[in-house]
Every structure is written in structure tokens, then in C-alpha cells.
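> Hey, dropping final-v2.cif in here, mmCIF, C-alpha atoms:
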```cif
data_run
#
loop_
_atom_site.label_atom_id
_atom_site.label_comp_id
_atom_site.auth_asym_id
_atom_site.auth_seq_id
_atom_site.Cartn_x
_atom_site.Cartn_y
_atom_site.Cartn_z
CA MET A 770 107.24 -162.78 -165.43
CA LYS A 771 109.72 -162.82 -162.54
CA LYS A 772 111.11 -159.47 -163.69
CA LEU A 773 107.63 -157.97 -163.80
CA LEU A 774 106.91 -159.19 -160.26
CA LEU A 775 110.25 -157.81 -159.06
CA ILE A 776 109.47 -154.39 -160.56
CA PHE A 777 105.98 -154.54 -159.07
CA PHE A 778 107.32 -155.03 -155.53
CA ILE A 779 110.42 -152.80 -155.70
CA THR A 780 108.86 -149.72 -157.34
CA PRO A 781 106.56 -148.81 -154.40
CA ILE A 782 109.47 -149.31 -151.99
CA LEU A 783 111.69 -146.95 -153.97
CA LEU A 784 108.92 -144.36 -154.25
CA PHE A 785 108.26 -144.57 -150.52
CA ALA A 786 111.98 -144.22 -149.71
CA GLN A 787 112.24 -141.19 -151.98
CA LYS A 788 109.23 -139.63 -150.33
CA GLU A 789 110.71 -140.20 -146.88
CA GLN A 790 114.04 -138.74 -147.96
CA ASP A 791 112.46 -135.54 -149.26
CA SER A 792 109.88 -135.09 -146.50
CA THR A 793 111.68 -132.08 -144.97
CA LEU A 794 112.44 -130.25 -148.21
CA GLY A 795 110.90 -126.80 -148.35
CA LYS A 796 109.89 -126.87 -144.67
CA TRP A 797 111.13 -124.86 -141.69
CA ILE A 798 112.22 -127.33 -139.02
CA PRO A 799 112.44 -125.85 -135.50
CA LYS A 800 114.17 -127.41 -132.53
CA GLY A 801 114.51 -126.26 -128.96
CA VAL A 802 115.88 -127.73 -125.76
CA ALA A 803 115.91 -125.93 -122.40
CA GLY A 804 117.58 -127.18 -119.26
CA ILE A 805 119.11 -126.46 -115.89
CA ASN A 806 122.39 -127.97 -114.67
CA ILE A 807 123.05 -128.18 -110.95
CA SER A 808 125.87 -129.23 -108.62
CA GLN A 809 125.46 -128.85 -104.84
CA ILE A 810 127.04 -129.84 -101.53
CA ALA A 811 125.73 -129.13 -98.02
CA PHE A 812 127.09 -129.76 -94.50
CA SER A 813 125.44 -130.03 -91.11
CA ASN A 814 127.45 -130.50 -87.91
CA TRP A 815 130.39 -131.50 -90.08
CA THR A 816 133.71 -131.71 -88.22
CA GLN A 817 136.05 -132.38 -91.14
CA GLY A 818 135.93 -128.95 -92.74
CA GLY A 819 134.21 -127.63 -95.82
CA ASP A 820 131.55 -125.12 -96.81
CA ASN A 821 128.13 -125.29 -98.44
CA SER A 822 128.09 -124.58 -102.15
CA ILE A 823 125.64 -124.57 -105.04
CA THR A 824 126.19 -123.98 -108.73
CA TYR A 825 123.52 -123.73 -111.39
CA SER A 826 123.39 -122.86 -115.06
CA LEU A 827 120.37 -122.26 -117.28
CA VAL A 828 120.93 -123.37 -120.87
CA GLY A 829 118.78 -123.04 -123.98
CA ASN A 830 119.70 -124.53 -127.37
CA PHE A 831 117.43 -123.58 -130.26
CA GLY A 832 117.52 -124.04 -134.00
CA LEU A 833 115.57 -123.30 -137.17
CA ASN A 834 116.60 -125.06 -140.38
CA HIS A 835 115.36 -124.90 -143.95
CA LYS A 836 116.41 -127.08 -146.87
CA THR A 837 115.64 -127.18 -150.59
CA GLU A 838 117.13 -129.18 -153.44
CA SER A 839 119.88 -126.56 -153.87
CA TRP A 840 120.08 -124.60 -150.62
CA THR A 841 120.56 -125.33 -146.93
CA PHE A 842 119.92 -122.65 -144.30
CA THR A 843 120.75 -123.54 -140.68
CA ASN A 844 120.32 -121.33 -137.61
CA SER A 845 121.40 -122.15 -134.07
CA LEU A 846 121.12 -120.15 -130.85
CA LYS A 847 122.75 -120.98 -127.51
CA ILE A 848 121.90 -118.98 -124.40
CA ALA A 849 123.61 -119.79 -121.12
CA TYR A 850 123.57 -118.09 -117.73
CA GLY A 851 124.78 -119.49 -114.43
CA GLN A 852 125.89 -118.60 -110.91
CA THR A 853 127.85 -120.10 -108.01
CA LYS A 854 127.41 -119.54 -104.27
CA LEU A 855 130.02 -120.65 -101.72
CA GLY A 856 129.13 -120.48 -98.02
CA ASP A 857 127.92 -117.04 -96.95
CA GLU A 858 129.26 -115.30 -100.06
CA ASN A 859 126.91 -113.77 -102.60
CA PHE A 860 126.07 -115.53 -105.85
CA LYS A 861 128.76 -115.06 -108.51
CA THR A 862 128.21 -115.30 -112.26
CA ASN A 863 129.99 -118.26 -113.85
CA ASP A 864 128.24 -118.57 -117.23
CA ASN A 865 127.06 -115.67 -119.35
CA GLU A 866 126.74 -116.07 -123.10
CA ILE A 867 124.68 -115.65 -126.25
CA TYR A 868 125.97 -117.46 -129.35
CA LEU A 869 123.93 -117.09 -132.54
CA GLU A 870 125.06 -118.70 -135.79
CA SER A 871 123.46 -118.71 -139.26
CA VAL A 872 124.90 -120.59 -142.26
CA LEU A 873 123.57 -120.51 -145.83
CA SER A 874 125.15 -123.02 -148.24
CA HIS A 875 124.51 -123.85 -151.91
CA LYS A 876 124.81 -127.37 -153.29
CA LEU A 877 126.85 -127.61 -156.49
CA GLY A 878 127.55 -131.33 -156.46
CA TRP A 879 131.18 -130.74 -155.48
CA ALA A 880 133.06 -132.26 -152.55
CA VAL A 881 132.64 -128.87 -150.83
CA ASP A 882 129.88 -126.28 -151.14
CA PRO A 883 130.08 -122.47 -151.07
CA PHE A 884 128.59 -120.85 -147.98
CA PHE A 885 127.92 -117.55 -146.23
CA SER A 886 127.71 -117.36 -142.44
CA ASN A 887 126.99 -114.81 -139.76
CA THR A 888 127.87 -115.26 -136.09
CA VAL A 889 126.95 -113.10 -133.10
CA ARG A 890 128.62 -113.48 -129.68
CA THR A 891 127.99 -111.45 -126.55
CA ALA A 892 127.03 -111.66 -122.87
CA VAL A 893 123.49 -112.23 -121.61
CA ALA A 894 123.85 -109.95 -118.59
CA PRO A 895 126.52 -107.96 -116.74
CA GLY A 896 129.71 -109.95 -116.05
CA TYR A 897 131.94 -109.30 -113.05
CA GLN A 898 135.41 -109.86 -111.73
CA TYR A 899 135.25 -110.99 -108.08
CA ASP A 900 137.41 -110.47 -105.03
CA GLY A 901 135.52 -112.04 -102.14
CA ASN A 902 132.14 -110.28 -101.99
CA THR A 903 133.51 -107.32 -103.93
CA LYS A 904 132.69 -107.31 -107.62
CA VAL A 905 133.70 -105.10 -110.51
CA GLU A 906 131.72 -105.13 -113.74
CA ILE A 907 133.92 -106.02 -116.73
CA ALA A 908 131.36 -106.91 -119.44
CA ASN A 909 127.73 -106.42 -120.44
CA ILE A 910 125.45 -107.23 -123.35
CA PHE A 911 127.25 -106.06 -126.53
CA ASP A 912 129.96 -104.54 -124.38
CA PRO A 913 131.89 -106.18 -125.90
CA GLY A 914 129.95 -107.81 -128.72
CA TYR A 915 131.34 -109.71 -131.70
CA ILE A 916 129.75 -110.12 -135.14
CA THR A 917 131.54 -112.18 -137.79
CA GLN A 918 130.61 -112.71 -141.44
CA SER A 919 132.41 -115.38 -143.42
CA ILE A 920 132.29 -116.59 -147.02
CA GLY A 921 134.06 -119.66 -148.32
CA PHE A 922 133.57 -123.40 -148.67
CA THR A 923 132.00 -125.96 -146.35
CA TYR A 924 132.09 -129.76 -146.09
CA ASP A 925 128.86 -131.13 -144.65
CA LYS A 926 128.43 -134.54 -146.26
CA MET A 927 128.52 -136.35 -142.89
CA GLU A 928 125.93 -136.11 -140.15
CA SER A 929 128.58 -136.29 -137.41
CA PHE A 930 131.18 -133.96 -138.89
CA LYS A 931 130.98 -130.54 -140.55
CA SER A 932 133.71 -128.05 -141.28
CA ARG A 933 134.00 -124.74 -143.09
CA ILE A 934 136.71 -122.20 -143.84
CA GLY A 935 136.52 -118.82 -145.46
CA LEU A 936 137.36 -115.16 -145.70
CA ALA A 937 135.98 -113.45 -142.59
CA PHE A 938 135.03 -109.95 -141.52
CA GLN A 939 134.83 -109.44 -137.77
CA GLU A 940 133.35 -106.42 -136.02
CA THR A 941 133.89 -105.83 -132.30
CA PHE A 942 131.62 -103.39 -130.46
CA ALA A 943 132.13 -101.83 -127.05
CA ASN A 944 130.65 -98.99 -125.05
CA GLU A 945 132.36 -98.72 -121.69
CA TYR A 946 134.88 -101.56 -121.94
CA THR A 947 136.89 -100.30 -124.89
CA GLY A 948 139.95 -102.36 -124.02
CA TYR A 949 138.56 -104.92 -126.48
CA THR A 950 138.34 -102.40 -129.32
CA ASP A 951 140.87 -99.62 -128.72
CA ASP A 952 143.86 -99.31 -131.03
CA PRO A 953 146.95 -98.67 -128.87
CA ASP A 954 148.68 -96.96 -131.82
CA THR A 955 146.19 -94.06 -131.71
CA GLU A 956 147.06 -92.48 -128.39
CA ASP A 957 144.77 -89.45 -128.80
CA GLU A 958 141.64 -91.45 -129.56
CA ILE A 959 139.80 -94.35 -127.89
CA GLU A 960 137.96 -96.51 -130.41
CA SER A 961 134.71 -98.26 -129.46
CA PHE A 962 134.55 -100.21 -132.73
CA LYS A 963 137.11 -102.51 -134.32
CA PHE A 964 136.93 -104.05 -137.80
CA GLU A 965 139.17 -106.95 -138.78
CA THR A 966 139.55 -108.97 -141.99
CA GLY A 967 141.01 -112.44 -141.79
CA ILE A 968 140.38 -116.18 -141.98
CA GLU A 969 137.80 -118.12 -139.99
CA SER A 970 137.50 -121.89 -139.61
CA VAL A 971 134.62 -123.62 -137.79
CA THR A 972 134.39 -127.38 -137.22
CA ASP A 973 131.48 -129.24 -135.58
CA ALA A 974 131.68 -132.87 -134.51
CA GLU A 975 129.10 -135.08 -132.83
CA PHE A 976 129.81 -138.69 -131.86
CA THR A 977 127.87 -141.35 -129.96
CA LEU A 978 130.22 -142.78 -127.34
CA ASP A 979 127.68 -145.28 -125.98
CA ASP A 980 123.98 -146.00 -126.23
CA ASN A 981 123.20 -143.13 -123.85
CA MET A 982 126.34 -140.99 -124.16
CA LEU A 983 126.95 -138.21 -126.71
CA LEU A 984 130.00 -136.06 -127.39
CA LYS A 985 129.62 -132.65 -129.04
CA SER A 986 132.60 -130.52 -129.98
CA LYS A 987 132.86 -127.16 -131.74
CA LEU A 988 136.20 -125.57 -132.69
CA ARG A 989 136.41 -122.01 -134.01
CA LEU A 990 139.64 -120.40 -135.20
CA PHE A 991 140.07 -116.82 -136.39
CA SER A 992 143.10 -114.78 -137.35
CA ALA A 993 143.23 -111.29 -138.82
CA PHE A 994 145.53 -110.71 -141.77
CA ASP A 995 147.59 -108.17 -139.84
CA ARG A 996 148.36 -110.70 -137.06
CA MET A 997 148.53 -114.10 -138.71
CA ASP A 998 150.94 -115.30 -136.02
CA THR A 999 148.12 -115.05 -133.44
CA TRP A 1000 144.88 -117.04 -133.64
CA ASP A 1001 141.71 -116.66 -131.60
CA VAL A 1002 140.62 -120.10 -130.39
CA ARG A 1003 137.28 -121.21 -129.01
CA TRP A 1004 136.92 -124.95 -128.36
CA ASP A 1005 133.59 -125.94 -126.79
CA ASN A 1006 133.16 -129.58 -125.69
CA ALA A 1007 130.29 -131.36 -123.98
CA ILE A 1008 129.74 -135.00 -123.04
CA THR A 1009 126.15 -135.80 -122.10
CA ALA A 1010 125.12 -139.08 -120.47
CA GLN A 1011 121.36 -139.57 -120.63
CA VAL A 1012 119.92 -141.09 -117.43
CA ASN A 1013 116.29 -140.94 -118.59
CA LYS A 1014 114.05 -138.69 -120.72
CA TYR A 1015 114.55 -135.63 -118.50
CA ILE A 1016 117.73 -136.22 -116.47
CA ASN A 1017 121.33 -136.31 -117.69
CA VAL A 1018 124.88 -135.84 -116.48
CA ASN A 1019 126.98 -133.22 -118.28
CA LEU A 1020 130.73 -132.77 -118.50
CA THR A 1021 131.64 -129.52 -120.27
CA VAL A 1022 135.07 -128.11 -121.11
CA LEU A 1023 135.46 -124.71 -122.79
CA VAL A 1024 138.89 -123.53 -123.92
CA ILE A 1025 139.31 -119.91 -125.11
CA TYR A 1026 142.31 -117.95 -126.24
CA GLU A 1027 141.72 -114.36 -127.35
CA LYS A 1028 144.62 -112.00 -126.86
CA SER A 1029 142.29 -108.99 -126.62
CA GLN A 1030 140.69 -110.61 -123.56
CA SER A 1031 143.74 -112.19 -121.90
CA ILE A 1032 147.25 -113.23 -122.85
CA GLU A 1033 146.63 -116.49 -120.94
CA THR A 1034 144.53 -119.43 -122.16
CA GLN A 1035 141.12 -119.49 -120.46
CA ILE A 1036 139.66 -122.85 -119.40
CA LYS A 1037 136.25 -123.56 -117.88
CA GLN A 1038 135.24 -127.09 -116.80
CA ALA A 1039 132.04 -128.28 -115.13
CA LEU A 1040 130.52 -131.62 -114.14
CA GLN A 1041 126.82 -131.24 -113.36
CA LEU A 1042 123.50 -133.01 -113.12
CA GLY A 1043 121.06 -131.68 -115.70
CA PHE A 1044 117.30 -131.52 -116.18
CA THR A 1045 116.19 -130.95 -119.78
CA TYR A 1046 112.93 -130.43 -121.64
CA ASN A 1047 112.41 -130.64 -125.39
CA ILE A 1048 110.32 -127.64 -126.42
CA PHE A 1049 110.20 -128.58 -130.12
#
```
Go ahead and express the file in the form of C-alpha cells.

Amino acid sequence: MKKLLLIFFITPILLFAQKEQDSTLGKWIPKGVAGINISQIAFSNWTQGGDNSITYSLVGNFGLNHKTESWTFTNSLKIAYGQTKLGDENFKTNDNEIYLESVLSHKLGWAVDPFFSNTVRTAVAPGYQYDGNTKVEIANIFDPGYITQSIGFTYDKMESFKSRIGLAFQETFANEYTGYTDDPDTEDEIESFKFETGIESVTDAEFTLDDNMLLKSKLRLFSAFDRMDTWDVRWDNAITAQVNKYINVNLTVLVIYEKSQSIETQIKQALQLGFTYNIF
């Protein structure tokens, strides 16, 4: 009798838990967050030196995910554009990026799953190199642009940590700024397209540092087979401290090394107050 009562009470609980677990299967789940980050300083009758400044960046993070019993299809899109103004100088672009990533993986019951991914990287708008109020355009949308396909194996059994590695095919496009695509060995021809085959590794981590503080980190590595001694590195980090539903404080650090762009490591760091709105 006790066993029958136990089955009577436990069975609905198990059925309910199973239903909750599978509630997203077969559905397209959108997500979207838009925000503006601002840092500003202003002086009036100030005798200790300094100059007015304002920096802003507009950021949109969007996603569309689909999951079945055997397949997982994730899509993420980051759009960022920002400017800085110091004193009487004109506004200068400090953030300018589109990053689109799609990953399709198949569950086989192994420790790792096979996947196929496609990544698109380019600028949102014209980018400039500045010397005072003088600016020289050095980049534009898909000038250069990078598209990378990768096939291999992914580990995504943890909510806070995902990593994948695979054979990659990277295409670089350019129109005017062919320094990113030109082959120096072909002196009589300037190439506006470059195709590379190599290895790509992408790792995503997300950790809760406190009740209202979140760390997100994304590390991408790529090396072509003909230059395995040189790796392209993109390490994007963000710590967000939530003040309330709409206001947060953001610390971002982006580290990039791509020899085609610069032989020096590029670092961008920002500490800003942010206003966010959940669209989905």
C-alpha cells in the first residue's frame, strides 16, 4: 500500500518535471537586449586643468535558438557603435562592429558533439584613423569583412562553459583597403579576396561573480595551415554589475592580435554606466 501511494505521488511530479524540461523543444526562442553605455565629465570655471569629454556606445545583443531531441541551432548577433568627444574636437569613432555567429550541433550521446558554424565579422560604419581633427578612413562595412566556416567537435554540456574546435575556412573580403587581403608574393596583382584554411577554436564562459555581477568571456583563436606559428586572437571580456532593472555598470576589455591588421597587440578597455532594455 505504501508503495502504491509513493508511486501515486511521485509519478505526476516526474511527468511535470519532464514536461518542464522539454518545454522549449521544437520552438524558436528569440532574445534581444539593447543598451547605451555612457561616460562623461564636464568642467565649469575649473582652475585645476582638464577638458570636457563624453563617450557613448550603442550595443545590441540578439539571439535566435532552436532545439530538438537531436539538434541544437544557436544564432547570436552583436552590433556595437560608439564615439568619443574631447573638448572642442569632433566626435571620434571608438566602437564599430558587427559579429554574427551561427552554430549547428548534433547530439550523439558522446562527451563532445559534431558541429558546423558560420561567423561573420565586419564594421557597422566607416572607421577612421585620427590625428587631432584630421581623420583618414581605414575601414568600412565589409571592407574588410571576414566570414569563417568551421566543422569539428563541440563541448556544451555546461551552461556556463562551451568550447569548440574544428577545421576552418576563412574568407577575407576587401574593396579599397586591400592591405588585409593582398598577397605580397604577387607583385603584379593586388588581391581583394583571401581564402585561408586552418584551425579555429572558440570558447565561451559565463560566471556569476556575485548576486548582481556577471562575467562573460569569449576567446577565439585561428591559425592558417601555412602560418601555424602565428595565431589570430580575439578575447572579449565583459563584467556587468546590475544596479537595477535598467541600469548597470560595465567593464569591458577586448584584446585582439591579427597580424594582417597590426603587428602589435590591440587592447581596448572601457568602464561605463549602461542603460539596457530587454526587447525579447
> CA of Phe962 (chain A) to CA of Thr917 (chain A): how many Å, to one decimal?
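Computed distance, CA of Phe962 (chain A) to CA of Thr917 (chain A), equals 13.3 Å.
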> Could you tell me, as a list in words, exactly which residues end up selected when the PyMOL selection byres ((chain A and resi 1002-1005) around 8) is applied to this structure?
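Going through the file, the PyMOL selection byres ((chain A and resi 1002-1005) around 8) ends up selecting Ser986, Lys987, Leu988, Arg989, Leu990, Phe991, Trp1000, Asp1001, Asn1006, Ala1007, Thr1021, Val1022, Leu1023, Val1024, Ile1025, Tyr1026 and Glu1027 of chain A.
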> In Å, rounded to a single decimal, give me how far CA of Ile805 (chain A) is from CA of Val1012 (chain A).
14.7 Å
> Nearest to Thr888 (chain A) among A:His835, A:Lys854, A:Lys985, A:Lys847, with distances taken over all atoms listed in the file: which residue is it?
A:Lys847
> Excluding same-chain residues fewer than 4 positions from region 856-865 of chain A, what lies within 6 Å of it counting all atoms listed in the file, as a ChimeraX atom specification?
/A:820-822,849-852,892-893
> Report, in Å with one decimal, the straight-line distance from CA of Asp925 (chain A) to CA of Val802 (chain A).
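Rounded to one decimal, the two atoms are 23.2 Å apart.
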> Between A:Ser826, A:Thr816, A:Ser929, A:Asn1019, which one has atoms that come closest to Ala974 (chain A), using only C-alpha atoms?
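Counting only C-alpha atoms, the residue closest to Ala974 (chain A) is A:Ser929.
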> What do you get, as a ChimeraX atom specification, if you spell out every residue that the PyMOL selection byres ((chain A and resi 969) around 6) selects here?
/A:934-935,937,968,970,990-991
> Can you list, as a list in words, every protein, DNA or RNA residue that comes within 8 Å of region 874-882 of chain A when you count all atoms listed in the file, leaving out same-chain residues fewer than 4 positions away?
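Once the nearby chain positions are removed, what remains is Glu838, Ser839, Trp840, Thr841, Phe842, Phe922, Thr923, Tyr924 and Asp925 of chain A.
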> Residues proximal to (125.8, -119.2, -128.9) were defined as those with any atom within 10 Å of that point in the file's coordinates, counting all atoms listed in the file. Which are they, as a compact mmCIF listing (two decimals) with C-alpha atoms, in the coordinates of the input?

```
# COMPACT_ATOMS: atom_id res chain seq x y z
CA GLY A 829 118.78 -123.04 -123.98
CA ASN A 830 119.70 -124.53 -127.37
CA PHE A 831 117.43 -123.58 -130.26
CA SER A 845 121.40 -122.15 -134.07
CA LEU A 846 121.12 -120.15 -130.85
CA LYS A 847 122.75 -120.98 -127.51
CA ILE A 848 121.90 -118.98 -124.40
CA ALA A 849 123.61 -119.79 -121.12
CA GLU A 866 126.74 -116.07 -123.10
CA ILE A 867 124.68 -115.65 -126.25
CA TYR A 868 125.97 -117.46 -129.35
CA LEU A 869 123.93 -117.09 -132.54
CA GLU A 870 125.06 -118.70 -135.79
CA THR A 888 127.87 -115.26 -136.09
CA VAL A 889 126.95 -113.10 -133.10
CA ARG A 890 128.62 -113.48 -129.68
CA THR A 891 127.99 -111.45 -126.55
CA ALA A 892 127.03 -111.66 -122.87
```
> Do you know which residues are at most 8 Å from Leu794 (chain A) counting all atoms listed in the file, after dropping those on the same chain fewer than 2 positions away, and could you put them as an MDAnalysis selection string?
chainID A and resid 791:792 796 835:838
> Could you list as a list in words every residue that has an atom within 6 Å of (140.8, -96.4, -131.2), using the file's coordinates and counting all atoms listed in the file?
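All residues meeting the 6 Å criterion around (140.8, -96.4, -131.2) are Asp951, Asp952, Thr955, Glu958, Ile959 and Glu960 of chain A.
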> Selection in question (the file shown): the PyMOL selection byres ((chain A and resi 948) around 12). Which residues does it include, as a list in words?
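Applied to this file, the PyMOL selection byres ((chain A and resi 948) around 12) selects Ile907, Ala908, Asp912, Pro913, Thr941, Phe942, Ala943, Asn944, Glu945, Tyr946, Thr947, Tyr949, Thr950, Asp951, Asp952, Pro953, Ile959, Glu960, Ser961, Phe962, Lys963, Lys1028, Ser1029, Gln1030 and Ser1031 of chain A.
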> Could you list, as a VMD selection string, every residue within 6 Å of Thr1045 (chain A), counting all atoms listed in the file and ignoring same-chain residues fewer than 2 positions away?
chain A and resid 803 to 804 1015
> I'd like the contact shell of Tyr897 (chain A) - 6 Å cut-off, only C-alpha atoms, skipping same-chain residues fewer than 5 positions apart - returned as a ChimeraX atom specification.
/A:904-907
> Selected residues, C-alpha atoms, written as a PDB file, keeping the file's coordinate frame, please.

```
ATOM      1  CA  LYS A 904     132.690-107.310-107.620  1.00  0.00           C
ATOM      2  CA  VAL A 905     133.700-105.100-110.510  1.00  0.00           C
ATOM      3  CA  GLU A 906     131.720-105.130-113.740  1.00  0.00           C
ATOM      4  CA  ILE A 907     133.920-106.020-116.730  1.00  0.00           C
TER       5      ILE A 907
END
```
